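Peer 1: Can you read through this structure? Questions will come right after.
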Amino acid sequence: MNLTNKVLLGLVLGIVAGGVLNGLDNAWLNTNIVDGVFYAGGKLFVNALKMLVVPLVIFSLIPGVFAIGDIKLLGKVGTKSIALYIATTAIAIATAISLAAIMGIGEGGTPPQDIDFAGRSAGASTLDILIGIVPTNIFKAFASGDMLAIIFFSIFFGIAALSIKEETKETINFIEQMNKIVMKMVEMVMWFAPYAVFCLLGKAIADVGIDLIADLIGYFSVVVIALLFHAFVTQMIILKAFTGLNLRLFLSKIRSAQIFAFSTASSGATIPVTLRTVQNRLGVDRAISSFSVPFGATINMDGTAIMQGVATVFIANLYGIELGMQGYAIVVLTAVLASIGTAAVPSVGLVMLTLVFEQVNLPVAAIGLIMGVDRLLDMTRTAVNVTGDTVVTSIVAKSEGKMDLDTFNDPDAGHLEEIHINNG
Ligand code: ASP
């Protein structure tokens with residue numbers, strides 16, 4: 001059985017185990033299995049992935065820029081990616097708002113009075129986030145995993161190295177070798193993926209409050225429908241229109257990245273897997289992917305925008321507040337802007353929602369209402385976020401002639417192999 005199938009099996013078994021534990025609701029099992037073994041197993045794996053993100057981005061982006069060898073092309077690739085990331089997010093939230101409005105979710109309900117949600121600050125303003133792309137201290141940016149700053153520094157470093165090409169070849173060679181080592185580390189970590197995914201899913205499902213979902217079934221199902229529609233219809237139409245690629249092959253190849261995103265609920269932690277997928281499985285040139293993937297993980301959040309669109313309609317309807325076309329236009333704009341520079345970590349979408357609600361004067365405390373069911377939705381929307389990253393990366397790569405179609409068309413390309421450590 002190949003690794004992807006093993007991971008899939010881990011996912012299914014994890015859901016079953018989590019469901020059983022949820023049903024049993026036994027204190028001993030909850031403490032020792034759910035919050036013990038499952039928690040530790042999942043956390044160790046996510047930690048290991050996160051540990052590799054910063055070195056991976058730096059070591060692949062610098063030689064990537066060096067390999068493009070053309071600063072103009074770099075600008076073109078950057079502009080295209082940003083435009084596509086923003087456009088797809090705007091389409092996502094517009095779809096979500098329309099669907100939620102048509103379904104009339106929340107209409108005629110009674111808003112509860114005693115909700116416990118203080119509303120966390122959404123942090124820095126968009127302008128400050130943009131300014132923060134140029135870090136004052138690069139080590140601080142490395143340490144806090146500040147992706148936009150790390151991307152900026154690496155590109156800058158690559159361009160400088162390129163401008164004195166003859167003298168910097170050895171340094172780039174060294175970085176290239178570092179990249180190979182870190183990539184190998186990713187593969188070694190992935191070896192544990194089936195067990196880790198089992199633990200992550202087991203814990204997530206065991207923790208889900210089934211009764212909470214039943215209460216919010218309208219909201220919950222509209223978010224899920226909008227997410228599935230965006231990932232499997234809208235994004236696929238866009239991909240087909242721009243690239244003509246075989247969609248079934250594409251979907252089968254990105255499946256492991258989707259599963260990782262779903263299990264970890266973090267596009268950031270999934271970066272190593274996404275990068276590996278687009279490079280080794282889809283055949284995207286590293287010059288494009290090493291920029292576009294971490295960038296997308298940070299600024300591209302189609303799934304998150306969808307949740308925000310549905311939540312806005314739901315709460316507005318529930319409280320009988322009329323937002324009107326103008327209000328919804330503000331929601332789209334704020335959500336798209338808020339998705340830029342917001343950390344790709346679990347449940348950050350709810351924090352960003354605070355910002356959206358404030359813009360259109362919806363009661364921020366109402367977010368407390370939907371918080372209980374957010375974990376499962378977070379997992380699902382993160383998978384959609386990562387799908388968007390692979391779609392945009394493929395479109396940009398294909399349009400620049402930087403996609404190896406032989407690799408793409410080979411169903412087995414980039415499959416993980418057994419690891420042999422040869423110390424002889
Ligand atoms: N967990 C999501 C991500 O990392 C962000 C969110 O919607 O909360 O992509």
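Chain identifiers are assigned as A, B, and so on, following the order in which chains appear in the structure tokens; residues are numbered from 1 within each chain, and ligands are numbered from 1 in order of appearance.
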As a PDB file with N, CA, C and O atoms, in the first residue's frame, please: every protein or nucleic acid residue near ligand 1 (cut-off 10 Å, counting only C-alpha atoms and all ligand atoms).

Peer 2:
ATOM      1  N   ALA A 261      -3.963  19.093   5.483  1.00  0.00           N
ATOM      2  CA  ALA A 261      -4.586  20.359   5.864  1.00  0.00           C
ATOM      3  C   ALA A 261      -5.803  20.094   6.742  1.00  0.00           C
ATOM      4  O   ALA A 261      -6.006  20.728   7.779  1.00  0.00           O
ATOM      5  N   PHE A 262      -6.587  19.102   6.331  1.00  0.00           N
ATOM      6  CA  PHE A 262      -7.789  18.745   7.079  1.00  0.00           C
ATOM      7  C   PHE A 262      -7.414  18.264   8.479  1.00  0.00           C
ATOM      8  O   PHE A 262      -8.027  18.674   9.473  1.00  0.00           O
ATOM      9  N   THR A 264      -4.610  18.801  10.256  1.00  0.00           N
ATOM     10  CA  THR A 264      -3.888  19.738  11.118  1.00  0.00           C
ATOM     11  C   THR A 264      -4.625  21.064  11.294  1.00  0.00           C
ATOM     12  O   THR A 264      -4.312  21.821  12.200  1.00  0.00           O
ATOM     13  N   ALA A 265      -5.585  21.371  10.427  1.00  0.00           N
ATOM     14  CA  ALA A 265      -6.288  22.659  10.425  1.00  0.00           C
ATOM     15  C   ALA A 265      -5.320  23.837  10.377  1.00  0.00           C
ATOM     16  O   ALA A 265      -5.570  24.889  10.943  1.00  0.00           O
ATOM     17  N   SER A 266      -4.206  23.635   9.687  1.00  0.00           N
ATOM     18  CA  SER A 266      -3.236  24.728   9.574  1.00  0.00           C
ATOM     19  C   SER A 266      -2.565  24.690   8.204  1.00  0.00           C
ATOM     20  O   SER A 266      -1.818  23.760   7.899  1.00  0.00           O
ATOM     21  N   SER A 267      -2.842  25.711   7.375  1.00  0.00           N
ATOM     22  CA  SER A 267      -2.166  25.739   6.069  1.00  0.00           C
ATOM     23  C   SER A 267      -0.676  25.931   6.265  1.00  0.00           C
ATOM     24  O   SER A 267       0.121  25.470   5.455  1.00  0.00           O
ATOM     25  N   GLY A 268      -0.308  26.623   7.340  1.00  0.00           N
ATOM     26  CA  GLY A 268       1.107  26.863   7.620  1.00  0.00           C
ATOM     27  C   GLY A 268       1.857  25.569   7.878  1.00  0.00           C
ATOM     28  O   GLY A 268       2.906  25.312   7.287  1.00  0.00           O
ATOM     29  N   ALA A 269       1.297  24.727   8.738  1.00  0.00           N
ATOM     30  CA  ALA A 269       1.960  23.462   9.052  1.00  0.00           C
ATOM     31  C   ALA A 269       1.968  22.533   7.846  1.00  0.00           C
ATOM     32  O   ALA A 269       2.796  21.641   7.740  1.00  0.00           O
ATOM     33  N   THR A 270       1.044  22.775   6.908  1.00  0.00           N
ATOM     34  CA  THR A 270       0.953  21.899   5.734  1.00  0.00           C
ATOM     35  C   THR A 270       1.934  22.306   4.633  1.00  0.00           C
ATOM     36  O   THR A 270       2.124  21.561   3.667  1.00  0.00           O
ATOM     37  N   GLY A 296       0.892  31.687  -0.702  1.00  0.00           N
ATOM     38  CA  GLY A 296      -0.521  31.320  -0.718  1.00  0.00           C
ATOM     39  C   GLY A 296      -1.000  30.860   0.647  1.00  0.00           C
ATOM     40  O   GLY A 296      -2.084  31.229   1.100  1.00  0.00           O
ATOM     41  N   ALA A 297      -0.172  30.069   1.326  1.00  0.00           N
ATOM     42  CA  ALA A 297      -0.568  29.582   2.652  1.00  0.00           C
ATOM     43  C   ALA A 297      -0.831  30.760   3.584  1.00  0.00           C
ATOM     44  O   ALA A 297      -1.668  30.694   4.475  1.00  0.00           O
ATOM     45  N   THR A 298      -0.123  31.844   3.352  1.00  0.00           N
ATOM     46  CA  THR A 298      -0.276  33.005   4.225  1.00  0.00           C
ATOM     47  C   THR A 298      -1.418  33.913   3.806  1.00  0.00           C
ATOM     48  O   THR A 298      -2.188  34.363   4.650  1.00  0.00           O
ATOM     49  N   ILE A 299      -1.513  34.214   2.506  1.00  0.00           N
ATOM     50  CA  ILE A 299      -2.522  35.214   2.133  1.00  0.00           C
ATOM     51  C   ILE A 299      -3.778  34.637   1.485  1.00  0.00           C
ATOM     52  O   ILE A 299      -4.781  35.317   1.363  1.00  0.00           O
ATOM     53  N   ASN A 300      -3.710  33.378   1.046  1.00  0.00           N
ATOM     54  CA  ASN A 300      -4.848  32.851   0.300  1.00  0.00           C
ATOM     55  C   ASN A 300      -5.741  32.011   1.199  1.00  0.00           C
ATOM     56  O   ASN A 300      -5.347  30.944   1.634  1.00  0.00           O
ATOM     57  N   MET A 301      -6.918  32.509   1.521  1.00  0.00           N
ATOM     58  CA  MET A 301      -7.791  31.768   2.417  1.00  0.00           C
ATOM     59  C   MET A 301      -9.217  31.763   1.891  1.00  0.00           C
ATOM     60  O   MET A 301     -10.113  32.389   2.440  1.00  0.00           O
ATOM     61  N   ASP A 302      -9.423  31.025   0.826  1.00  0.00           N
ATOM     62  CA  ASP A 302     -10.755  30.949   0.226  1.00  0.00           C
ATOM     63  C   ASP A 302     -11.753  30.312   1.188  1.00  0.00           C
ATOM     64  O   ASP A 302     -12.884  30.782   1.326  1.00  0.00           O
ATOM     65  N   GLY A 303     -11.317  29.222   1.818  1.00  0.00           N
ATOM     66  CA  GLY A 303     -12.213  28.503   2.721  1.00  0.00           C
ATOM     67  C   GLY A 303     -12.604  29.356   3.910  1.00  0.00           C
ATOM     68  O   GLY A 303     -13.770  29.395   4.330  1.00  0.00           O
ATOM     69  N   THR A 304     -11.635  30.069   4.439  1.00  0.00           N
ATOM     70  CA  THR A 304     -11.883  30.940   5.582  1.00  0.00           C
ATOM     71  C   THR A 304     -12.883  32.035   5.208  1.00  0.00           C
ATOM     72  O   THR A 304     -13.812  32.345   5.950  1.00  0.00           O
ATOM     73  N   ALA A 305     -12.682  32.608   4.009  1.00  0.00           N
ATOM     74  CA  ALA A 305     -13.594  33.661   3.543  1.00  0.00           C
ATOM     75  C   ALA A 305     -15.013  33.122   3.403  1.00  0.00           C
ATOM     76  O   ALA A 305     -15.987  33.824   3.695  1.00  0.00           O
ATOM     77  N   ILE A 306     -15.117  31.863   2.980  1.00  0.00           N
ATOM     78  CA  ILE A 306     -16.449  31.252   2.824  1.00  0.00           C
ATOM     79  C   ILE A 306     -17.140  31.160   4.178  1.00  0.00           C
ATOM     80  O   ILE A 306     -18.301  31.546   4.330  1.00  0.00           O
ATOM     81  N   MET A 307     -16.419  30.673   5.178  1.00  0.00           N
ATOM     82  CA  MET A 307     -17.012  30.587   6.519  1.00  0.00           C
ATOM     83  C   MET A 307     -17.458  31.982   6.969  1.00  0.00           C
ATOM     84  O   MET A 307     -18.551  32.161   7.526  1.00  0.00           O
ATOM     85  N   GLN A 308     -16.631  32.987   6.696  1.00  0.00           N
ATOM     86  CA  GLN A 308     -16.962  34.333   7.148  1.00  0.00           C
ATOM     87  C   GLN A 308     -18.196  34.887   6.443  1.00  0.00           C
ATOM     88  O   GLN A 308     -19.029  35.549   7.056  1.00  0.00           O
ATOM     89  N   SER A 339      -7.687  38.511   5.086  1.00  0.00           N
ATOM     90  CA  SER A 339      -7.020  37.228   4.863  1.00  0.00           C
ATOM     91  C   SER A 339      -5.535  37.408   4.546  1.00  0.00           C
ATOM     92  O   SER A 339      -4.739  36.494   4.672  1.00  0.00           O
ATOM     93  N   THR A 342      -2.798  37.302   7.738  1.00  0.00           N
ATOM     94  CA  THR A 342      -3.248  36.652   8.959  1.00  0.00           C
ATOM     95  C   THR A 342      -2.624  35.270   9.018  1.00  0.00           C
ATOM     96  O   THR A 342      -2.593  34.557   8.020  1.00  0.00           O
ATOM     97  N   ALA A 343      -2.141  34.918  10.202  1.00  0.00           N
ATOM     98  CA  ALA A 343      -1.403  33.675  10.337  1.00  0.00           C
ATOM     99  C   ALA A 343      -2.242  32.477   9.917  1.00  0.00           C
ATOM    100  O   ALA A 343      -3.440  32.426  10.171  1.00  0.00           O
ATOM    101  N   ALA A 344      -1.572  31.528   9.255  1.00  0.00           N
ATOM    102  CA  ALA A 344      -2.274  30.333   8.794  1.00  0.00           C
ATOM    103  C   ALA A 344      -2.246  29.270   9.886  1.00  0.00           C
ATOM    104  O   ALA A 344      -1.573  28.269   9.784  1.00  0.00           O
ATOM    105  N   VAL A 345      -2.955  29.523  10.951  1.00  0.00           N
ATOM    106  CA  VAL A 345      -2.980  28.588  12.075  1.00  0.00           C
ATOM    107  C   VAL A 345      -4.433  28.261  12.419  1.00  0.00           C
ATOM    108  O   VAL A 345      -5.337  28.954  11.966  1.00  0.00           O
ATOM    109  N   PRO A 346      -4.642  27.218  13.236  1.00  0.00           N
ATOM    110  CA  PRO A 346      -6.022  26.852  13.515  1.00  0.00           C
ATOM    111  C   PRO A 346      -6.855  27.993  14.084  1.00  0.00           C
ATOM    112  O   PRO A 346      -6.386  28.769  14.915  1.00  0.00           O
ATOM    113  N   SER A 347      -8.068  28.077  13.611  1.00  0.00           N
ATOM    114  CA  SER A 347      -9.148  28.947  14.085  1.00  0.00           C
ATOM    115  C   SER A 347      -8.866  30.448  14.043  1.00  0.00           C
ATOM    116  O   SER A 347      -9.577  31.225  14.663  1.00  0.00           O
ATOM    117  N   VAL A 348      -7.883  30.844  13.280  1.00  0.00           N
ATOM    118  CA  VAL A 348      -7.626  32.270  13.150  1.00  0.00           C
ATOM    119  C   VAL A 348      -8.778  32.942  12.396  1.00  0.00           C
ATOM    120  O   VAL A 348      -9.048  34.128  12.550  1.00  0.00           O
ATOM    121  N   GLY A 349      -9.485  32.148  11.606  1.00  0.00           N
ATOM    122  CA  GLY A 349     -10.618  32.677  10.851  1.00  0.00           C
ATOM    123  C   GLY A 349     -11.647  33.346  11.742  1.00  0.00           C
ATOM    124  O   GLY A 349     -12.262  34.342  11.371  1.00  0.00           O
ATOM    125  N   LEU A 350     -11.817  32.807  12.957  1.00  0.00           N
ATOM    126  CA  LEU A 350     -12.782  33.402  13.882  1.00  0.00           C
ATOM    127  C   LEU A 350     -12.316  34.764  14.374  1.00  0.00           C
ATOM    128  O   LEU A 350     -13.109  35.679  14.569  1.00  0.00           O
ATOM    129  N   VAL A 351     -10.994  34.873  14.578  1.00  0.00           N
ATOM    130  CA  VAL A 351     -10.442  36.155  15.021  1.00  0.00           C
ATOM    131  C   VAL A 351     -10.647  37.210  13.932  1.00  0.00           C
ATOM    132  O   VAL A 351     -11.042  38.342  14.194  1.00  0.00           O
ATOM    133  N   MET A 352     -10.416  36.756  12.681  1.00  0.00           N
ATOM    134  CA  MET A 352     -10.618  37.688  11.566  1.00  0.00           C
ATOM    135  C   MET A 352     -12.081  38.080  11.421  1.00  0.00           C
ATOM    136  O   MET A 352     -12.400  39.173  10.960  1.00  0.00           O
ATOM    137  N   LEU A 353     -12.942  37.172  11.814  1.00  0.00           N
ATOM    138  CA  LEU A 353     -14.372  37.453  11.707  1.00  0.00           C
ATOM    139  C   LEU A 353     -14.760  38.639  12.604  1.00  0.00           C
ATOM    140  O   LEU A 353     -15.656  39.416  12.269  1.00  0.00           O
ATOM    141  N   ASP A 374     -16.763  25.207  15.374  1.00  0.00           N
ATOM    142  CA  ASP A 374     -15.768  25.728  14.447  1.00  0.00           C
ATOM    143  C   ASP A 374     -14.645  24.756  14.114  1.00  0.00           C
ATOM    144  O   ASP A 374     -14.071  24.823  13.042  1.00  0.00           O
ATOM    145  N   ARG A 375     -14.329  23.861  15.028  1.00  0.00           N
ATOM    146  CA  ARG A 375     -13.168  23.008  14.780  1.00  0.00           C
ATOM    147  C   ARG A 375     -13.319  22.178  13.492  1.00  0.00           C
ATOM    148  O   ARG A 375     -12.428  22.169  12.642  1.00  0.00           O
ATOM    149  N   LEU A 377     -15.274  22.729  11.025  1.00  0.00           N
ATOM    150  CA  LEU A 377     -15.323  23.629   9.872  1.00  0.00           C
ATOM    151  C   LEU A 377     -13.931  24.158   9.557  1.00  0.00           C
ATOM    152  O   LEU A 377     -13.568  24.334   8.388  1.00  0.00           O
ATOM    153  N   ASP A 378     -13.144  24.397  10.597  1.00  0.00           N
ATOM    154  CA  ASP A 378     -11.775  24.876  10.418  1.00  0.00           C
ATOM    155  C   ASP A 378     -10.966  23.857   9.611  1.00  0.00           C
ATOM    156  O   ASP A 378     -10.246  24.202   8.665  1.00  0.00           O
ATOM    157  N   MET A 379     -11.124  22.586   9.995  1.00  0.00           N
ATOM    158  CA  MET A 379     -10.407  21.526   9.284  1.00  0.00           C
ATOM    159  C   MET A 379     -10.797  21.510   7.811  1.00  0.00           C
ATOM    160  O   MET A 379      -9.946  21.465   6.923  1.00  0.00           O
ATOM    161  N   THR A 380     -12.109  21.599   7.572  1.00  0.00           N
ATOM    162  CA  THR A 380     -12.586  21.524   6.189  1.00  0.00           C
ATOM    163  C   THR A 380     -12.136  22.751   5.390  1.00  0.00           C
ATOM    164  O   THR A 380     -11.681  22.643   4.262  1.00  0.00           O
ATOM    165  N   ARG A 381     -12.250  23.940   6.005  1.00  0.00           N
ATOM    166  CA  ARG A 381     -11.888  25.127   5.212  1.00  0.00           C
ATOM    167  C   ARG A 381     -10.382  25.201   4.980  1.00  0.00           C
ATOM    168  O   ARG A 381      -9.941  25.735   3.960  1.00  0.00           O
ATOM    169  N   THR A 382      -9.588  24.648   5.910  1.00  0.00           N
ATOM    170  CA  THR A 382      -8.141  24.660   5.688  1.00  0.00           C
ATOM    171  C   THR A 382      -7.796  23.797   4.479  1.00  0.00           C
ATOM    172  O   THR A 382      -6.920  24.160   3.677  1.00  0.00           O
ATOM    173  N   ALA A 383      -8.500  22.675   4.319  1.00  0.00           N
ATOM    174  CA  ALA A 383      -8.272  21.836   3.133  1.00  0.00           C
ATOM    175  C   ALA A 383      -8.600  22.622   1.868  1.00  0.00           C
ATOM    176  O   ALA A 383      -7.903  22.518   0.854  1.00  0.00           O
ATOM    177  N   VAL A 384      -9.644  23.461   1.931  1.00  0.00           N
ATOM    178  CA  VAL A 384     -10.007  24.277   0.770  1.00  0.00           C
ATOM    179  C   VAL A 384      -8.957  25.379   0.542  1.00  0.00           C
ATOM    180  O   VAL A 384      -8.572  25.668  -0.591  1.00  0.00           O
ATOM    181  N   ASN A 385      -8.471  25.956   1.632  1.00  0.00           N
ATOM    182  CA  ASN A 385      -7.411  26.962   1.501  1.00  0.00           C
ATOM    183  C   ASN A 385      -6.201  26.387   0.760  1.00  0.00           C
ATOM    184  O   ASN A 385      -5.651  27.002  -0.152  1.00  0.00           O
ATOM    185  N   VAL A 386      -5.806  25.176   1.172  1.00  0.00           N
ATOM    186  CA  VAL A 386      -4.619  24.556   0.569  1.00  0.00           C
ATOM    187  C   VAL A 386      -4.891  24.133  -0.879  1.00  0.00           C
ATOM    188  O   VAL A 386      -4.023  24.272  -1.743  1.00  0.00           O
TER     189      VAL A 386
END

Peer 1: A:Gly145: which residues within 10 Å, counting only C-alpha atoms, same-chain residues fewer than 3 positions away excluded, as a PDB file with N, CA and C atoms, in the first residue's frame?

Peer 2:
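Below is the file around_14.pdb, written as the result:
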ATOM      1  N   LYS A  50       5.961  21.838  11.467  1.00  0.00           N
ATOM      2  CA  LYS A  50       6.172  23.285  11.645  1.00  0.00           C
ATOM      3  C   LYS A  50       7.659  23.606  11.755  1.00  0.00           C
ATOM      4  N   MET A  51       8.392  22.718  12.412  1.00  0.00           N
ATOM      5  CA  MET A  51       9.827  22.900  12.597  1.00  0.00           C
ATOM      6  C   MET A  51      10.527  23.052  11.242  1.00  0.00           C
ATOM      7  N   VAL A  53       9.153  24.190   8.384  1.00  0.00           N
ATOM      8  CA  VAL A  53       8.617  25.199   7.463  1.00  0.00           C
ATOM      9  C   VAL A  53       9.630  26.306   7.156  1.00  0.00           C
ATOM     10  N   VAL A  54      10.189  26.917   8.192  1.00  0.00           N
ATOM     11  CA  VAL A  54      11.070  28.073   7.952  1.00  0.00           C
ATOM     12  C   VAL A  54      12.321  27.679   7.156  1.00  0.00           C
ATOM     13  N   PHE A 139      16.022  37.671  12.333  1.00  0.00           N
ATOM     14  CA  PHE A 139      16.028  36.497  13.226  1.00  0.00           C
ATOM     15  C   PHE A 139      14.727  36.414  14.021  1.00  0.00           C
ATOM     16  N   LYS A 140      14.216  37.593  14.345  1.00  0.00           N
ATOM     17  CA  LYS A 140      12.925  37.608  15.023  1.00  0.00           C
ATOM     18  C   LYS A 140      11.843  37.060  14.076  1.00  0.00           C
ATOM     19  N   ALA A 141      11.933  37.454  12.811  1.00  0.00           N
ATOM     20  CA  ALA A 141      10.961  36.963  11.825  1.00  0.00           C
ATOM     21  C   ALA A 141      11.081  35.442  11.672  1.00  0.00           C
ATOM     22  N   PHE A 142      12.322  34.938  11.631  1.00  0.00           N
ATOM     23  CA  PHE A 142      12.521  33.485  11.554  1.00  0.00           C
ATOM     24  C   PHE A 142      11.893  32.824  12.773  1.00  0.00           C
ATOM     25  N   LEU A 148       5.545  36.321   5.550  1.00  0.00           N
ATOM     26  CA  LEU A 148       5.728  37.361   4.530  1.00  0.00           C
ATOM     27  C   LEU A 148       7.120  37.987   4.639  1.00  0.00           C
ATOM     28  N   ALA A 149       7.574  38.200   5.875  1.00  0.00           N
ATOM     29  CA  ALA A 149       8.901  38.787   6.073  1.00  0.00           C
ATOM     30  C   ALA A 149       9.991  37.820   5.611  1.00  0.00           C
ATOM     31  N   ILE A 150       9.791  36.537   5.892  1.00  0.00           N
ATOM     32  CA  ILE A 150      10.783  35.538   5.485  1.00  0.00           C
ATOM     33  C   ILE A 150      10.840  35.435   3.956  1.00  0.00           C
ATOM     34  N   GLY A 268      -0.308  26.623   7.340  1.00  0.00           N
ATOM     35  CA  GLY A 268       1.107  26.863   7.620  1.00  0.00           C
ATOM     36  C   GLY A 268       1.857  25.569   7.878  1.00  0.00           C
ATOM     37  N   ALA A 343      -2.141  34.918  10.202  1.00  0.00           N
ATOM     38  CA  ALA A 343      -1.403  33.675  10.337  1.00  0.00           C
ATOM     39  C   ALA A 343      -2.242  32.477   9.917  1.00  0.00           C
TER      40      ALA A 343
END

Peer 1: Using only C-alpha atoms, which protein or nucleic acid residues come within 12 Å of A:Leu52? Drop anything in the same chain fewer than 3 positions from it, and give the result as a PyMOL selection string.

Peer 2: chain A and resi 45-49+55-60+142+145+178-179+181-190+268-273+275

Peer 1: So which one's closest to A:Asp389, A:Ser290, A:Gln359, A:Asn246, A:Ser154? Using only C-alpha atoms, please.

Peer 2: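 Checking each candidate against A:Asp389, we get A:Ser290 as the closest.
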
Peer 1: Find the spatial neighbours of A:Gly14, counting only C-alpha atoms, within a cut-off of 7 Å - ignore same-chain residues fewer than 6 positions away - and output them as a list in words.

Peer 2: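 With the cut-off at 7 Å, the set is Phe198, Cys199, Leu201 and Gly202 of chain A.
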
Peer 1: Generate a file of the selected residues that holds N, CA and C atoms, formatted as a tab-separated table (two decimals), in the first residue's frame.

Peer 2:
chain	number	residue	atom	x	y	z
A	198	PHE	N	-4.23	9.52	12.09
A	198	PHE	CA	-5.15	8.74	12.92
A	198	PHE	C	-5.37	9.44	14.27
A	199	CYS	N	-4.27	9.84	14.91
A	199	CYS	CA	-4.36	10.51	16.22
A	199	CYS	C	-5.09	11.85	16.12
A	201	LEU	N	-7.23	12.95	13.86
A	201	LEU	CA	-8.66	12.78	13.59
A	201	LEU	C	-9.38	12.20	14.80
A	202	GLY	N	-8.73	11.22	15.44
A	202	GLY	CA	-9.32	10.60	16.62
A	202	GLY	C	-9.65	11.65	17.67

Peer 1: Extract the full set of helix (DSSP H, G or I) residues from stretch 207-365 of chain A according to DSSP on the backbone, and format it as a ChimeraX atom specification.

Peer 2: /A:207,210-215,217-243,247-264,267-281,286-299,302-318,324-339,348-359,364-365

Peer 1: Which residues come within 10 Å of A:Leu216, counting only C-alpha atoms, excluding same-chain residues fewer than 2 positions away, as a PDB file with N, CA and C atoms, in the first residue's frame?

Peer 2:
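Saved as around.pdb:
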ATOM      1  N   ILE A 105     -30.480  31.236   5.861  1.00  0.00           N
ATOM      2  CA  ILE A 105     -30.137  30.671   7.174  1.00  0.00           C
ATOM      3  C   ILE A 105     -30.221  31.727   8.283  1.00  0.00           C
ATOM      4  N   GLY A 106     -30.713  31.285   9.411  1.00  0.00           N
ATOM      5  CA  GLY A 106     -30.804  32.168  10.578  1.00  0.00           C
ATOM      6  C   GLY A 106     -32.093  32.963  10.622  1.00  0.00           C
ATOM      7  N   ASP A 211     -24.110  17.422  19.780  1.00  0.00           N
ATOM      8  CA  ASP A 211     -25.332  18.184  20.060  1.00  0.00           C
ATOM      9  C   ASP A 211     -25.203  19.632  19.600  1.00  0.00           C
ATOM     10  N   LEU A 212     -23.974  20.169  19.683  1.00  0.00           N
ATOM     11  CA  LEU A 212     -23.763  21.548  19.226  1.00  0.00           C
ATOM     12  C   LEU A 212     -24.037  21.646  17.727  1.00  0.00           C
ATOM     13  N   ILE A 213     -23.525  20.640  16.994  1.00  0.00           N
ATOM     14  CA  ILE A 213     -23.725  20.662  15.540  1.00  0.00           C
ATOM     15  C   ILE A 213     -25.209  20.576  15.223  1.00  0.00           C
ATOM     16  N   ALA A 214     -25.928  19.727  15.967  1.00  0.00           N
ATOM     17  CA  ALA A 214     -27.362  19.581  15.701  1.00  0.00           C
ATOM     18  C   ALA A 214     -28.075  20.927  15.852  1.00  0.00           C
ATOM     19  N   GLY A 218     -28.085  24.201  10.269  1.00  0.00           N
ATOM     20  CA  GLY A 218     -28.268  25.047   9.093  1.00  0.00           C
ATOM     21  C   GLY A 218     -26.983  25.748   8.706  1.00  0.00           C
ATOM     22  N   TYR A 219     -26.399  26.433   9.668  1.00  0.00           N
ATOM     23  CA  TYR A 219     -25.134  27.148   9.438  1.00  0.00           C
ATOM     24  C   TYR A 219     -24.049  26.174   8.996  1.00  0.00           C
ATOM     25  N   PHE A 220     -23.929  25.088   9.765  1.00  0.00           N
ATOM     26  CA  PHE A 220     -22.881  24.101   9.525  1.00  0.00           C
ATOM     27  C   PHE A 220     -22.966  23.556   8.098  1.00  0.00           C
ATOM     28  N   SER A 221     -24.169  23.150   7.684  1.00  0.00           N
ATOM     29  CA  SER A 221     -24.243  22.520   6.366  1.00  0.00           C
ATOM     30  C   SER A 221     -24.073  23.522   5.236  1.00  0.00           C
ATOM     31  N   LEU A 369     -21.553  32.129  19.389  1.00  0.00           N
ATOM     32  CA  LEU A 369     -22.594  31.176  18.992  1.00  0.00           C
ATOM     33  C   LEU A 369     -22.077  30.067  18.094  1.00  0.00           C
ATOM     34  N   ILE A 370     -21.202  30.450  17.161  1.00  0.00           N
ATOM     35  CA  ILE A 370     -20.757  29.481  16.161  1.00  0.00           C
ATOM     36  C   ILE A 370     -19.415  28.848  16.528  1.00  0.00           C
ATOM     37  N   GLY A 372     -18.553  26.840  18.902  1.00  0.00           N
ATOM     38  CA  GLY A 372     -18.593  25.434  19.301  1.00  0.00           C
ATOM     39  C   GLY A 372     -18.433  24.459  18.139  1.00  0.00           C
ATOM     40  N   VAL A 373     -18.876  24.872  16.956  1.00  0.00           N
ATOM     41  CA  VAL A 373     -18.792  23.941  15.824  1.00  0.00           C
ATOM     42  C   VAL A 373     -17.629  24.309  14.902  1.00  0.00           C
TER      43      VAL A 373
END

Peer 1: Would you mind reading off the distance between atom CA of A:Ala335 and atom CA of A:Ile93, one decimal, in Å?

Peer 2: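 We find that atom CA of A:Ala335 and atom CA of A:Ile93 lie 8.0 Å from each other.
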
Peer 1: Give me the stretch 91-195 of chain A side of the contact with stretch 233-245 of chain A, cut-off 12 Å, one line per residue showing its nearest atom pair and distance in Å at one decimal, counting only C-alpha atoms, sorted by chain and residue number, as CSV.

Peer 2:
residue,atom,partner,partner_atom,distance
A:Ile91,CA,A:Thr234,CA,8.7
A:Ala92,CA,A:Thr234,CA,8.4
A:Ile93,CA,A:Thr234,CA,11.9
A:Ala94,CA,A:Thr234,CA,11.9
A:Thr95,CA,A:Thr234,CA,9.4
A:Ala96,CA,A:Thr234,CA,11.8

Peer 1: Contacts of stretch 391-396 of chain A at 8 Å or less, counting only C-alpha atoms, minus same-chain residues fewer than 3 places along, as a ChimeraX atom specification?

Peer 2: /A:77,80-81,84-85,235,239,242-243,278,282,284,288-289,292-293,387-388,399-400,403

Peer 1: Fewer than 5 positions away in the same chain doesn't count, so skip those; otherwise give me all residues within 12 Å of A:Ile15, counting only C-alpha atoms, as a VMD selection string.

Peer 2: chain A and resid 8 to 10 20 to 22 197 to 208 263 376
